[in-house]
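**Q** Got a file for you: my_file.tsv, TSV, C-alpha atoms.
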chain	number	residue	atom	x	y	z
S	1	MET	CA	0.00	0.00	0.00
S	2	ALA	CA	2.80	2.41	0.92
S	3	HIS	CA	4.55	1.63	-2.35
S	4	THR	CA	1.33	2.29	-4.29
S	5	THR	CA	0.75	5.58	-2.50
S	6	ARG	CA	4.33	6.70	-3.12
S	7	ALA	CA	4.09	5.73	-6.81
S	8	ALA	CA	0.87	7.72	-7.17
S	9	PHE	CA	2.49	10.73	-5.48
S	10	VAL	CA	5.50	10.55	-7.81
S	11	ALA	CA	3.19	10.35	-10.82
S	12	VAL	CA	1.37	13.51	-9.71
S	13	VAL	CA	4.65	15.34	-9.15
S	14	VAL	CA	5.90	14.34	-12.60
S	15	ALA	CA	2.64	15.43	-14.23
S	16	LEU	CA	2.79	18.81	-12.53
S	17	ALA	CA	6.43	19.21	-13.55
S	18	VAL	CA	5.56	18.50	-17.17
S	19	LEU	CA	2.72	21.02	-17.02
S	20	ARG	CA	5.00	23.68	-15.54
S	21	LEU	CA	7.65	22.96	-18.18
S	22	ALA	CA	5.16	23.34	-21.03
S	23	THR	CA	3.84	26.59	-19.60
S	24	ALA	CA	7.37	27.87	-18.94
S	25	GLN	CA	8.22	27.42	-22.60
S	26	LEU	CA	5.63	30.01	-23.53
S	27	GLN	CA	7.26	33.41	-23.63
S	28	ASN	CA	6.61	37.00	-24.46
S	29	GLY	CA	7.84	37.81	-27.95
S	30	PHE	CA	8.34	34.14	-28.87
S	31	TYR	CA	8.26	34.95	-32.60
S	32	LYS	CA	10.71	37.83	-32.51
S	33	GLY	CA	13.37	37.08	-35.09
S	34	LYS	CA	11.60	33.92	-36.28
S	35	CYS	CA	9.72	35.52	-39.18
S	36	GLY	CA	12.50	37.49	-40.81
S	37	ALA	CA	12.02	41.21	-40.35
S	38	ASN	CA	8.28	40.75	-39.88
S	39	ASP	CA	6.55	41.59	-36.61
S	40	VAL	CA	4.16	38.65	-36.17
S	41	GLU	CA	2.00	40.30	-33.52
S	42	ALA	CA	1.68	43.49	-35.58
S	43	ILE	CA	0.52	41.45	-38.57
S	44	VAL	CA	-2.16	39.74	-36.47
S	45	GLN	CA	-3.22	43.08	-35.07
S	46	GLY	CA	-3.52	44.61	-38.54
S	47	VAL	CA	-5.84	41.89	-39.81
S	48	VAL	CA	-7.98	42.02	-36.67
S	49	LYS	CA	-8.21	45.81	-36.79
S	50	ALA	CA	-9.35	45.75	-40.41
S	51	ARG	CA	-12.04	43.18	-39.61
S	52	PHE	CA	-13.16	45.00	-36.46
S	53	SER	CA	-13.63	48.23	-38.42
S	54	ARG	CA	-16.13	46.38	-40.65
S	55	ASP	CA	-17.68	44.13	-38.02
S	56	PRO	CA	-17.25	45.02	-34.32
S	57	SER	CA	-19.08	41.83	-33.31
S	58	VAL	CA	-15.87	39.95	-34.13
S	59	VAL	CA	-14.76	40.50	-30.52
S	60	ALA	CA	-17.63	38.32	-29.28
S	61	HIS	CA	-16.81	35.68	-31.89
S	62	LEU	CA	-13.16	35.52	-30.89
S	63	LEU	CA	-13.81	35.45	-27.14
S	64	ARG	CA	-16.18	32.55	-27.62
S	65	LEU	CA	-13.75	30.84	-29.96
S	66	GLN	CA	-10.99	31.05	-27.34
S	67	PHE	CA	-13.21	29.63	-24.62
S	68	HIS	CA	-14.52	26.77	-26.74
S	69	GLU	CA	-10.96	26.06	-27.90
S	70	CYS	CA	-9.14	26.13	-24.59
S	71	GLY	CA	-12.00	24.53	-22.66
S	72	VAL	CA	-11.58	21.23	-24.52
S	73	ASN	CA	-8.16	19.54	-24.32
S	74	GLY	CA	-6.46	22.90	-23.89
S	75	CYS	CA	-5.46	25.61	-26.36
S	76	ASP	CA	-4.23	23.20	-29.03
S	77	GLY	CA	-6.14	24.20	-32.17
S	78	GLY	CA	-8.42	21.17	-32.02
S	79	LEU	CA	-11.53	23.28	-32.57
S	80	LEU	CA	-10.23	24.53	-35.92
S	81	ILE	CA	-10.09	21.11	-37.60
S	82	ASP	CA	-12.68	20.35	-40.29
S	83	GLY	CA	-14.23	16.96	-40.86
S	84	PRO	CA	-16.85	14.56	-39.53
S	85	GLY	CA	-16.72	13.88	-35.82
S	86	THR	CA	-14.34	16.74	-35.01
S	87	GLU	CA	-14.76	19.24	-32.15
S	88	LYS	CA	-16.24	21.71	-34.62
S	89	THR	CA	-19.21	19.37	-35.20
S	90	ALA	CA	-20.21	19.04	-31.53
S	91	PRO	CA	-23.56	20.76	-30.77
S	92	PRO	CA	-22.09	23.49	-28.51
S	93	ASN	CA	-19.69	24.47	-31.32
S	94	LEU	CA	-22.10	24.61	-34.24
S	95	SER	CA	-22.68	28.34	-33.74
S	96	VAL	CA	-19.04	29.28	-33.07
S	97	LYS	CA	-17.73	31.90	-35.48
S	98	GLY	CA	-14.40	33.53	-36.26
S	99	TYR	CA	-12.71	30.66	-38.08
S	100	ASP	CA	-12.36	32.70	-41.26
S	101	LEU	CA	-10.48	35.46	-39.48
S	102	ILE	CA	-7.99	32.99	-37.99
S	103	ALA	CA	-7.52	31.50	-41.47
S	104	ASP	CA	-6.95	34.94	-42.99
S	105	VAL	CA	-4.22	35.71	-40.45
S	106	LYS	CA	-2.62	32.32	-41.01
S	107	THR	CA	-2.60	32.83	-44.79
S	108	GLU	CA	-0.82	36.15	-44.42
S	109	LEU	CA	1.75	34.75	-42.01
S	110	GLU	CA	2.37	31.67	-44.16
S	111	ARG	CA	3.11	34.01	-47.05
S	112	ARG	CA	5.79	35.73	-45.02
S	113	CYS	CA	7.25	32.85	-42.97
S	114	PRO	CA	5.83	29.42	-43.76
S	115	GLY	CA	5.43	26.86	-40.99
S	116	VAL	CA	6.40	29.18	-38.15
S	117	VAL	CA	3.32	30.66	-36.45
S	118	SER	CA	0.72	28.33	-34.95
S	119	CYS	CA	-3.00	28.83	-35.33
S	120	SER	CA	-3.27	28.28	-31.58
S	121	ASP	CA	-1.22	31.42	-30.99
S	122	ILE	CA	-3.16	33.30	-33.65
S	123	GLU	CA	-6.40	32.56	-31.78
S	124	ILE	CA	-5.00	34.00	-28.55
S	125	LEU	CA	-3.36	37.03	-30.17
S	126	ALA	CA	-6.43	37.86	-32.25
S	127	THR	CA	-8.70	37.70	-29.19
S	128	ARG	CA	-6.34	39.96	-27.26
S	129	ASP	CA	-6.35	42.54	-30.06
S	130	ALA	CA	-10.13	42.45	-30.48
S	131	VAL	CA	-10.68	42.97	-26.74
S	132	ARG	CA	-8.48	46.07	-26.85
S	133	LEU	CA	-10.32	47.44	-29.90
S	134	ALA	CA	-13.64	46.94	-28.10
S	135	GLY	CA	-12.57	49.12	-25.19
S	136	GLY	CA	-10.87	46.54	-23.02
S	137	GLN	CA	-7.50	47.00	-21.40
S	138	ALA	CA	-4.36	46.16	-23.38
S	139	TYR	CA	-2.53	43.09	-22.11
S	140	ALA	CA	0.44	40.94	-23.03
S	141	VAL	CA	0.15	37.27	-23.92
S	142	ARG	CA	2.87	34.68	-24.08
S	143	THR	CA	3.26	32.68	-27.28
S	144	GLY	CA	4.90	29.49	-28.46
S	145	ARG	CA	1.85	27.19	-28.55
S	146	ARG	CA	1.77	24.26	-30.95
S	147	HIS	CA	-1.10	22.21	-32.34
S	148	GLY	CA	-2.40	18.93	-31.05
S	149	ARG	CA	-3.26	16.01	-33.30
S	150	ARG	CA	-6.65	15.22	-31.81
S	151	SER	CA	-10.06	16.73	-32.51
S	152	LYS	CA	-13.04	14.67	-31.38
S	153	ALA	CA	-16.61	15.83	-30.88
S	154	VAL	CA	-16.98	13.37	-28.00
S	155	ASP	CA	-14.41	15.37	-26.01
S	156	VAL	CA	-16.61	18.48	-26.00
S	157	ASN	CA	-18.37	18.90	-22.65
S	158	LEU	CA	-18.76	22.63	-22.07
S	159	PRO	CA	-21.05	24.38	-19.57
S	160	GLY	CA	-24.49	25.05	-21.02
S	161	PRO	CA	-26.80	28.07	-20.78
S	162	GLU	CA	-28.64	26.48	-17.86
S	163	SER	CA	-25.60	25.34	-15.84
S	164	THR	CA	-25.68	25.93	-12.10
S	165	VAL	CA	-22.88	27.70	-10.25
S	166	ALA	CA	-21.71	24.36	-8.90
S	167	GLN	CA	-21.61	22.78	-12.37
S	168	ALA	CA	-19.77	25.70	-13.93
S	169	THR	CA	-17.34	25.87	-11.01
S	170	ALA	CA	-16.53	22.17	-11.42
S	171	PHE	CA	-15.86	22.64	-15.13
S	172	PHE	CA	-13.49	25.56	-14.63
S	173	GLY	CA	-11.86	23.76	-11.72
S	174	ASN	CA	-10.97	20.91	-14.06
S	175	LEU	CA	-9.13	23.46	-16.19
S	176	GLY	CA	-7.14	24.63	-13.18
S	177	LEU	CA	-9.15	27.85	-12.91
S	178	GLY	CA	-10.84	29.20	-9.82
S	179	GLN	CA	-14.33	30.52	-9.20
S	180	MET	CA	-13.24	34.12	-9.66
S	181	ASP	CA	-11.74	33.19	-13.03
S	182	MET	CA	-15.09	31.66	-13.95
S	183	VAL	CA	-17.04	34.79	-13.01
S	184	LEU	CA	-14.59	36.95	-14.95
S	185	LEU	CA	-14.63	34.76	-18.05
S	186	LEU	CA	-18.43	34.67	-18.09
S	187	GLY	CA	-18.07	38.44	-18.21
S	188	ALA	CA	-17.17	37.96	-21.88
S	189	HIS	CA	-20.94	37.96	-22.29
S	190	THR	CA	-20.66	41.74	-22.03
S	191	VAL	CA	-20.33	41.60	-25.84
S	192	GLY	CA	-22.30	38.40	-26.42
S	193	VAL	CA	-25.63	37.53	-27.96
S	194	THR	CA	-27.87	34.49	-27.94
S	195	HIS	CA	-31.14	33.61	-29.63
S	196	CYS	CA	-34.66	33.21	-28.37
S	197	SER	CA	-34.45	29.43	-28.77
S	198	ALA	CA	-31.97	29.39	-25.86
S	199	ILE	CA	-34.35	30.97	-23.35
S	200	LYS	CA	-37.93	30.38	-24.48
S	201	SER	CA	-38.34	27.02	-22.76
S	202	SER	CA	-35.84	27.42	-19.95
S	203	ARG	CA	-36.83	30.90	-18.77
S	204	LEU	CA	-39.90	32.34	-20.48
S	205	TYR	CA	-42.57	29.73	-21.15
S	206	SER	CA	-41.71	26.42	-19.48
S	207	TYR	CA	-39.55	27.22	-16.49
S	208	GLY	CA	-38.90	24.15	-14.38
S	209	GLY	CA	-40.78	22.05	-16.93
S	210	LYS	CA	-44.09	23.71	-16.05
S	211	ALA	CA	-46.13	24.91	-19.02
S	212	GLY	CA	-46.58	28.69	-19.05
S	213	ALA	CA	-44.15	29.27	-16.16
S	214	THR	CA	-41.60	32.09	-16.30
S	215	ASP	CA	-38.38	32.12	-14.29
S	216	ARG	CA	-39.05	34.43	-11.35
S	217	SER	CA	-35.36	35.29	-11.06
S	218	LEU	CA	-35.75	37.28	-14.30
S	219	ASP	CA	-36.79	40.91	-13.88
S	220	PRO	CA	-40.59	40.96	-14.55
S	221	TYR	CA	-40.42	43.92	-16.91
S	222	TYR	CA	-37.66	42.31	-18.96
S	223	ALA	CA	-39.64	39.07	-19.05
S	224	PHE	CA	-42.63	41.01	-20.35
S	225	VAL	CA	-40.57	42.73	-23.07
S	226	TYR	CA	-38.99	39.46	-24.20
S	227	LYS	CA	-42.33	37.66	-24.35
S	228	LYS	CA	-44.21	40.51	-26.01
S	229	TYR	CA	-41.69	41.83	-28.51
S	230	VAL	CA	-38.47	39.79	-28.80
S	231	CYS	CA	-39.33	36.14	-28.20
S	232	PRO	CA	-43.08	35.57	-28.66
S	233	ASN	CA	-44.10	31.99	-28.10
S	234	GLN	CA	-44.05	30.87	-31.70
S	235	PRO	CA	-41.42	28.99	-33.75
S	236	SER	CA	-40.70	31.96	-36.00
S	237	SER	CA	-39.04	33.81	-33.10
S	238	ASP	CA	-36.48	31.10	-32.35
S	239	GLY	CA	-33.72	32.80	-34.35
S	240	ASN	CA	-34.30	36.31	-33.01
S	241	VAL	CA	-31.21	37.86	-31.43
S	242	VAL	CA	-31.10	38.57	-27.70
S	243	PHE	CA	-28.24	40.68	-26.33
S	244	LEU	CA	-26.58	39.31	-23.20
S	245	ASP	CA	-25.80	42.82	-21.95
S	246	ASP	CA	-27.54	46.16	-22.12
S	247	GLN	CA	-27.91	46.75	-25.86
S	248	ARG	CA	-26.37	50.21	-25.50
S	249	SER	CA	-23.18	48.55	-24.26
S	250	ALA	CA	-23.36	45.36	-26.32
S	251	LEU	CA	-20.24	46.05	-28.40
S	252	LYS	CA	-18.08	47.32	-25.55
S	253	VAL	CA	-15.94	45.29	-23.17
S	254	ASP	CA	-16.96	46.74	-19.80
S	255	ASN	CA	-18.57	45.79	-16.49
S	256	SER	CA	-22.15	46.58	-17.55
S	257	PHE	CA	-22.90	42.85	-17.72
S	258	TYR	CA	-22.52	42.53	-13.94
S	259	LYS	CA	-24.80	45.51	-13.34
S	260	MET	CA	-27.42	43.71	-15.39
S	261	LEU	CA	-27.11	40.68	-13.11
S	262	GLN	CA	-27.65	42.90	-10.06
S	263	LYS	CA	-30.92	44.04	-11.67
S	264	ARG	CA	-31.97	40.41	-12.38
S	265	ARG	CA	-31.60	41.04	-16.10
S	266	GLY	CA	-29.16	38.28	-16.94
S	267	VAL	CA	-30.44	36.53	-20.05
S	268	LEU	CA	-28.94	33.06	-19.58
S	269	SER	CA	-29.51	31.09	-16.40
S	270	VAL	CA	-25.78	30.32	-16.14
S	271	ASP	CA	-25.19	34.07	-15.90
S	272	GLN	CA	-28.03	35.05	-13.55
S	273	ASN	CA	-27.21	32.13	-11.28
S	274	LEU	CA	-23.99	33.95	-10.38
S	275	TYR	CA	-26.14	36.46	-8.49
S	276	GLY	CA	-28.65	34.03	-7.03
S	277	HIS	CA	-29.59	34.29	-3.36
S	278	GLY	CA	-26.95	32.50	-1.34
S	279	ALA	CA	-24.67	32.00	-4.37
S	280	SER	CA	-20.99	31.88	-3.45
S	281	THR	CA	-20.31	34.14	-6.42
S	282	ARG	CA	-22.76	36.90	-5.49
S	283	TRP	CA	-20.12	39.06	-3.79
S	284	MET	CA	-17.87	38.74	-6.84
S	285	VAL	CA	-20.62	40.11	-9.08
S	286	ASP	CA	-21.11	43.03	-6.69
S	287	MET	CA	-17.39	43.77	-6.63
S	288	LEU	CA	-17.10	43.72	-10.42
S	289	ALA	CA	-20.26	45.77	-10.91
S	290	ASN	CA	-19.43	48.43	-8.33
S	291	THR	CA	-15.74	48.99	-9.12
S	292	ASP	CA	-13.51	49.22	-12.18
S	293	ASN	CA	-11.69	45.99	-11.27
S	294	PHE	CA	-13.12	44.11	-14.26
S	295	SER	CA	-10.99	46.18	-16.62
S	296	TRP	CA	-7.73	44.71	-15.30
S	297	LEU	CA	-8.92	41.39	-13.90
S	298	PHE	CA	-10.60	40.23	-17.12
S	299	PRO	CA	-7.32	40.20	-19.10
S	300	LYS	CA	-5.64	38.19	-16.34
S	301	ALA	CA	-8.39	35.56	-16.54
S	302	LEU	CA	-8.09	35.44	-20.33
S	303	VAL	CA	-4.33	34.90	-20.04
S	304	LYS	CA	-4.86	32.05	-17.57
S	305	LEU	CA	-7.37	30.45	-19.91
S	306	SER	CA	-4.97	30.86	-22.84
S	307	GLU	CA	-2.31	28.79	-21.05
S	308	VAL	CA	-4.46	25.78	-20.20
S	309	ASN	CA	-2.82	22.51	-21.30
S	310	VAL	CA	-0.70	24.09	-24.02
S	311	LEU	CA	1.73	22.17	-26.21
S	312	THR	CA	5.17	23.73	-26.67
S	313	GLY	CA	8.70	22.92	-27.75
S	314	THR	CA	8.68	19.76	-29.83
S	315	GLN	CA	5.21	18.67	-28.73
S	316	GLY	CA	2.52	18.42	-31.39
S	317	GLU	CA	3.02	20.24	-34.68
S	318	VAL	CA	2.68	23.59	-36.45
S	319	ARG	CA	0.07	23.16	-39.16
S	320	ARG	CA	0.40	24.54	-42.64
S	321	VAL	CA	-3.32	25.36	-42.64
S	322	CYS	CA	-5.45	25.74	-39.55
S	323	ASN	CA	-8.27	23.35	-40.43
S	324	LYS	CA	-6.19	20.28	-41.35
S	325	PHE	CA	-3.60	18.17	-39.58
S	326	ASN	CA	-0.26	18.05	-41.37
Step by step, read the file and then write its structure as structure tokens.
**A**
Amino acid sequence: MAHTTRAAFVAVVVALAVLRLATAQLQNGFYKGKCGANDVEAIVQGVVKARFSRDPSVVAHLLRLQFHECGVNGCDGGLLIDGPGTEKTAPPNLSVKGYDLIADVKTELERRCPGVVSCSDIEILATRDAVRLAGGQAYAVRTGRRHGRRSKAVDVNLPGPESTVAQATAFFGNLGLGQMDMVLLLGAHTVGVTHCSAIKSSRLYSYGGKAGATDRSLDPYYAFVYKKYVCPNQPSSDGNVVFLDDQRSALKVDNSFYKMLQKRRGVLSVDQNLYGHGASTRWMVDMLANTDNFSWLFPKALVKLSEVNVLTGTQGEVRRVCNKFN
């Protein structure tokens, strides 16, 4: 028994050492001098800026892309792979957008320095640049990620729109992230949208499985507006857009999302649950809503997410195109 316990302890220590080594191999300015005279991060920024000027909603697409990427087997580019049975085909990923922007950046970088810059790094850099363009704080990210060689839909098990605080906390905990990280990362919904199909049954018309019941944690006036004008109880409204933040702030990275939760105006249950009575996260919502701490804490949470289970050094590969294994 003692031998078994000691062996298990050694295995854990080795695993942690490997994880620390992989993370340590990420570095600021990893690509400096690796792409001739080209500034890799400036090239990424230029493509993102051009897209943002035409379509500011790209910030929401990239934030979601990063979460759905790094939340499944780490930030290894698995979500980008095309084909039957890949991560991209899993139900939670069917509405993910932003792939074309990542491909555009990759094409430009391959033209300048083939086989050097990973799509995994492009995802993280592009998200960072979009957040800044949408009013978020500038922040540095370390690079040097490589691609994995696995992409399976069966691996995708992300929190859903009706997840409880306990369920969401467990998911983020498995990524090595704490409850505060979770609350901050859900704050990406400050620029997010959903559709009526996501809330009609769960919050407006069949709450708790009871026909005609509306979730009482939703502000009554907002419930009335949704039911009357945005999401009437008919199939034709399923695709109507619902902003996850105050519409006046829907394209800006700010703390307005948390103020909406304080007013019981969170659209998704997973969001409003953060401010439920007795929720362990309630004080975090208050802190983020009532101070400017979100502006500098949100980037830190994004950086932590971006370094989950990364591959570096000689691990994995650097793809020639983002949506195919070499």
**Q** Please report, as CSV, each residue of range 143-209 of chain S lying at most 8 Å from range 301-305 of chain S, together with the nearest pair of atoms and the separation in Å rounded to one decimal; use only C-alpha atoms, and order rows by chain and ascending residue number.
**A**
residue,atom,partner,partner_atom,distance
S:Leu177,CA,S:Lys304,CA,7.6
S:Asp181,CA,S:Ala301,CA,5.4
S:Leu184,CA,S:Ala301,CA,6.5
S:Leu185,CA,S:Ala301,CA,6.5
**Q** Find the residues near Thr190 in chain S: any atom within 12 Å, counting all atoms listed in the file, skip ones fewer than 2 places away on the same chain, and give them as a PDB file with C-alpha atoms, in the frame of the given file.
**A**
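What landed in out.pdb:
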ATOM      1  CA  SER S  57     -19.080  41.830 -33.310  1.00  0.00           C
ATOM      2  CA  VAL S  59     -14.760  40.500 -30.520  1.00  0.00           C
ATOM      3  CA  ALA S  60     -17.630  38.320 -29.280  1.00  0.00           C
ATOM      4  CA  LEU S  63     -13.810  35.450 -27.140  1.00  0.00           C
ATOM      5  CA  ARG S  64     -16.180  32.550 -27.620  1.00  0.00           C
ATOM      6  CA  VAL S 131     -10.680  42.970 -26.740  1.00  0.00           C
ATOM      7  CA  ALA S 134     -13.640  46.940 -28.100  1.00  0.00           C
ATOM      8  CA  GLY S 135     -12.570  49.120 -25.190  1.00  0.00           C
ATOM      9  CA  GLY S 136     -10.870  46.540 -23.020  1.00  0.00           C
ATOM     10  CA  VAL S 183     -17.040  34.790 -13.010  1.00  0.00           C
ATOM     11  CA  LEU S 184     -14.590  36.950 -14.950  1.00  0.00           C
ATOM     12  CA  LEU S 185     -14.630  34.760 -18.050  1.00  0.00           C
ATOM     13  CA  LEU S 186     -18.430  34.670 -18.090  1.00  0.00           C
ATOM     14  CA  GLY S 187     -18.070  38.440 -18.210  1.00  0.00           C
ATOM     15  CA  ALA S 188     -17.170  37.960 -21.880  1.00  0.00           C
ATOM     16  CA  GLY S 192     -22.300  38.400 -26.420  1.00  0.00           C
ATOM     17  CA  VAL S 193     -25.630  37.530 -27.960  1.00  0.00           C
ATOM     18  CA  THR S 194     -27.870  34.490 -27.940  1.00  0.00           C
ATOM     19  CA  PHE S 243     -28.240  40.680 -26.330  1.00  0.00           C
ATOM     20  CA  LEU S 244     -26.580  39.310 -23.200  1.00  0.00           C
ATOM     21  CA  ASP S 245     -25.800  42.820 -21.950  1.00  0.00           C
ATOM     22  CA  ASP S 246     -27.540  46.160 -22.120  1.00  0.00           C
ATOM     23  CA  GLN S 247     -27.910  46.750 -25.860  1.00  0.00           C
ATOM     24  CA  ARG S 248     -26.370  50.210 -25.500  1.00  0.00           C
ATOM     25  CA  SER S 249     -23.180  48.550 -24.260  1.00  0.00           C
ATOM     26  CA  ALA S 250     -23.360  45.360 -26.320  1.00  0.00           C
ATOM     27  CA  LEU S 251     -20.240  46.050 -28.400  1.00  0.00           C
ATOM     28  CA  LYS S 252     -18.080  47.320 -25.550  1.00  0.00           C
ATOM     29  CA  VAL S 253     -15.940  45.290 -23.170  1.00  0.00           C
ATOM     30  CA  ASP S 254     -16.960  46.740 -19.800  1.00  0.00           C
ATOM     31  CA  ASN S 255     -18.570  45.790 -16.490  1.00  0.00           C
ATOM     32  CA  SER S 256     -22.150  46.580 -17.550  1.00  0.00           C
ATOM     33  CA  PHE S 257     -22.900  42.850 -17.720  1.00  0.00           C
ATOM     34  CA  TYR S 258     -22.520  42.530 -13.940  1.00  0.00           C
ATOM     35  CA  LYS S 259     -24.800  45.510 -13.340  1.00  0.00           C
ATOM     36  CA  MET S 260     -27.420  43.710 -15.390  1.00  0.00           C
ATOM     37  CA  LEU S 261     -27.110  40.680 -13.110  1.00  0.00           C
ATOM     38  CA  GLY S 266     -29.160  38.280 -16.940  1.00  0.00           C
ATOM     39  CA  VAL S 267     -30.440  36.530 -20.050  1.00  0.00           C
ATOM     40  CA  ASP S 271     -25.190  34.070 -15.900  1.00  0.00           C
ATOM     41  CA  ALA S 289     -20.260  45.770 -10.910  1.00  0.00           C
ATOM     42  CA  PHE S 294     -13.120  44.110 -14.260  1.00  0.00           C
ATOM     43  CA  SER S 295     -10.990  46.180 -16.620  1.00  0.00           C
ATOM     44  CA  PHE S 298     -10.600  40.230 -17.120  1.00  0.00           C
TER      45      PHE S 298
END
**Q** Please list as a list in words every residue within 9 Å of Pro91 in chain S, counting all atoms listed in the file and excluding residues in the same chain fewer than 3 positions away.
**A**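 Using all atoms listed in the file, the neighbours found are Lys88, Leu94, Ser95, Ala153 and Val156 of chain S.
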**Q** Find the spatial neighbours of Leu311 in chain S, counting only C-alpha atoms, within a cut-off of 7 Å - ignore same-chain residues fewer than 4 positions away - and output them as a list in words.
**A**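 Surrounding residues, per the criterion: Ala22, Asp76, Arg145, Arg146, His147, Gln315 and Gly316 of chain S.
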**Q** One number please: CA of Val47 in chain S to CA of Glu108 in chain S, in Å, one decimal.
**A**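 Between these atoms lies a distance of 8.9 Å.
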**Q** Can you tell me which residues surround Thr107 in chain S at a distance of at most 12 Å, considering all atoms listed in the file, apart from same-chain residues fewer than 6 positions away, and format the answer as a PyMOL selection string?
**A** chain S and resi 43-44+47+100-101+113-119+122+319-323
**Q** To one decimal place in Å, what is the distance between CA of Lys228 in chain S and CA of Ser163 in chain S?
**A**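 Taking CA of Lys228 in chain S and CA of Ser163 in chain S, their separation equals 26.1 Å.
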**Q** Which residue, S:Thr127, S:Ser197, S:Gln167, S:Ser269, has the smallest gap to Leu62 in chain S when you use all atoms listed in the file?
**A**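 Closest to Leu62 in chain S of all the choices is S:Thr127.
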**Q** Calculated over only C-alpha atoms, which of the candidates S:Gln25, S:Gln179, S:Asn293, S:Ser280 has the smallest distance to Arg142 in chain S?
**A** S:Gln25
**Q** Report as an MDAnalysis selection string all protein, DNA and RNA residues lying within 8 Å of Leu79 in chain S, evaluated on all atoms listed in the file, omitting residues in the same chain fewer than 3 positions from it.
**A** chainID S and resid 68:69 86:88 151
**Q** Interatomic distance between CA of Val230 in chain S and CA of Val191 in chain S?
**A**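 CA of Val191 in chain S lies 18.5 Å from CA of Val230 in chain S.
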**Q** Using only C-alpha atoms for the distances, tell me which of S:Gly160, S:Pro56, S:Pro84, S:Gly29 is nearest to Asp121 in chain S.
**A**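 Comparing S:Gly160, S:Pro56, S:Pro84, S:Gly29 against Asp121 in chain S, the winner is S:Gly29.
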**Q** Which of these, S:Gly178, S:Gly278, S:Gly98, S:Gly173, has the shortest distance to Gln66 in chain S once you count only C-alpha atoms?
**A**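 Result for the nearest residue to Gln66 in chain S: S:Gly98.
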**Q** Name the closest residue to Asn157 in chain S among the candidates S:Gly71, S:Pro220, S:Gly176, S:Gly208; distances are taken between atoms, counting only C-alpha atoms.
**A**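 Looking only at the distances to Asn157 in chain S, the closest residue turns out to be S:Gly71.
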**Q** Rebuild range 311-325 of chain S so that it carries N, CA and C atoms, then output the result as a PDB file, in the frame of the given file.
**A**
ATOM      1  N   LEU S 311       0.624  22.963 -25.682  1.00  0.00           N
ATOM      2  CA  LEU S 311       1.730  22.170 -26.210  1.00  0.00           C
ATOM      3  C   LEU S 311       2.815  23.130 -26.659  1.00  0.00           C
ATOM      4  N   THR S 312       4.063  22.837 -26.316  1.00  0.00           N
ATOM      5  CA  THR S 312       5.170  23.730 -26.670  1.00  0.00           C
ATOM      6  C   THR S 312       6.390  22.903 -27.065  1.00  0.00           C
ATOM      7  N   GLY S 313       7.439  23.593 -27.431  1.00  0.00           N
ATOM      8  CA  GLY S 313       8.700  22.920 -27.750  1.00  0.00           C
ATOM      9  C   GLY S 313       8.571  22.011 -28.954  1.00  0.00           C
ATOM     10  N   THR S 314       8.788  20.728 -28.741  1.00  0.00           N
ATOM     11  CA  THR S 314       8.680  19.760 -29.830  1.00  0.00           C
ATOM     12  C   THR S 314       7.375  18.970 -29.747  1.00  0.00           C
ATOM     13  N   GLN S 315       6.502  19.344 -28.841  1.00  0.00           N
ATOM     14  CA  GLN S 315       5.210  18.670 -28.730  1.00  0.00           C
ATOM     15  C   GLN S 315       4.315  19.040 -29.902  1.00  0.00           C
ATOM     16  N   GLY S 316       3.483  18.103 -30.350  1.00  0.00           N
ATOM     17  CA  GLY S 316       2.520  18.420 -31.390  1.00  0.00           C
ATOM     18  C   GLY S 316       3.170  18.835 -32.697  1.00  0.00           C
ATOM     19  N   GLU S 317       2.550  19.793 -33.363  1.00  0.00           N
ATOM     20  CA  GLU S 317       3.020  20.240 -34.680  1.00  0.00           C
ATOM     21  C   GLU S 317       2.616  21.692 -34.897  1.00  0.00           C
ATOM     22  N   VAL S 318       3.153  22.290 -35.958  1.00  0.00           N
ATOM     23  CA  VAL S 318       2.680  23.590 -36.450  1.00  0.00           C
ATOM     24  C   VAL S 318       2.075  23.324 -37.822  1.00  0.00           C
ATOM     25  N   ARG S 319       0.762  23.489 -37.919  1.00  0.00           N
ATOM     26  CA  ARG S 319       0.070  23.160 -39.160  1.00  0.00           C
ATOM     27  C   ARG S 319       0.376  24.160 -40.278  1.00  0.00           C
ATOM     28  N   ARG S 320       0.250  23.664 -41.488  1.00  0.00           N
ATOM     29  CA  ARG S 320       0.400  24.540 -42.640  1.00  0.00           C
ATOM     30  C   ARG S 320      -0.873  25.318 -42.904  1.00  0.00           C
ATOM     31  N   VAL S 321      -2.017  24.690 -42.614  1.00  0.00           N
ATOM     32  CA  VAL S 321      -3.320  25.360 -42.640  1.00  0.00           C
ATOM     33  C   VAL S 321      -4.027  25.014 -41.348  1.00  0.00           C
ATOM     34  N   CYS S 322      -4.890  25.912 -40.887  1.00  0.00           N
ATOM     35  CA  CYS S 322      -5.450  25.740 -39.550  1.00  0.00           C
ATOM     36  C   CYS S 322      -6.464  24.602 -39.447  1.00  0.00           C
ATOM     37  N   ASN S 323      -7.171  24.305 -40.532  1.00  0.00           N
ATOM     38  CA  ASN S 323      -8.270  23.350 -40.430  1.00  0.00           C
ATOM     39  C   ASN S 323      -7.919  21.925 -40.840  1.00  0.00           C
ATOM     40  N   LYS S 324      -6.611  21.628 -40.989  1.00  0.00           N
ATOM     41  CA  LYS S 324      -6.190  20.280 -41.350  1.00  0.00           C
ATOM     42  C   LYS S 324      -4.928  19.911 -40.582  1.00  0.00           C
ATOM     43  N   PHE S 325      -4.860  18.665 -40.143  1.00  0.00           N
ATOM     44  CA  PHE S 325      -3.600  18.170 -39.580  1.00  0.00           C
ATOM     45  C   PHE S 325      -2.560  18.074 -40.700  1.00  0.00           C
TER      46      PHE S 325
END
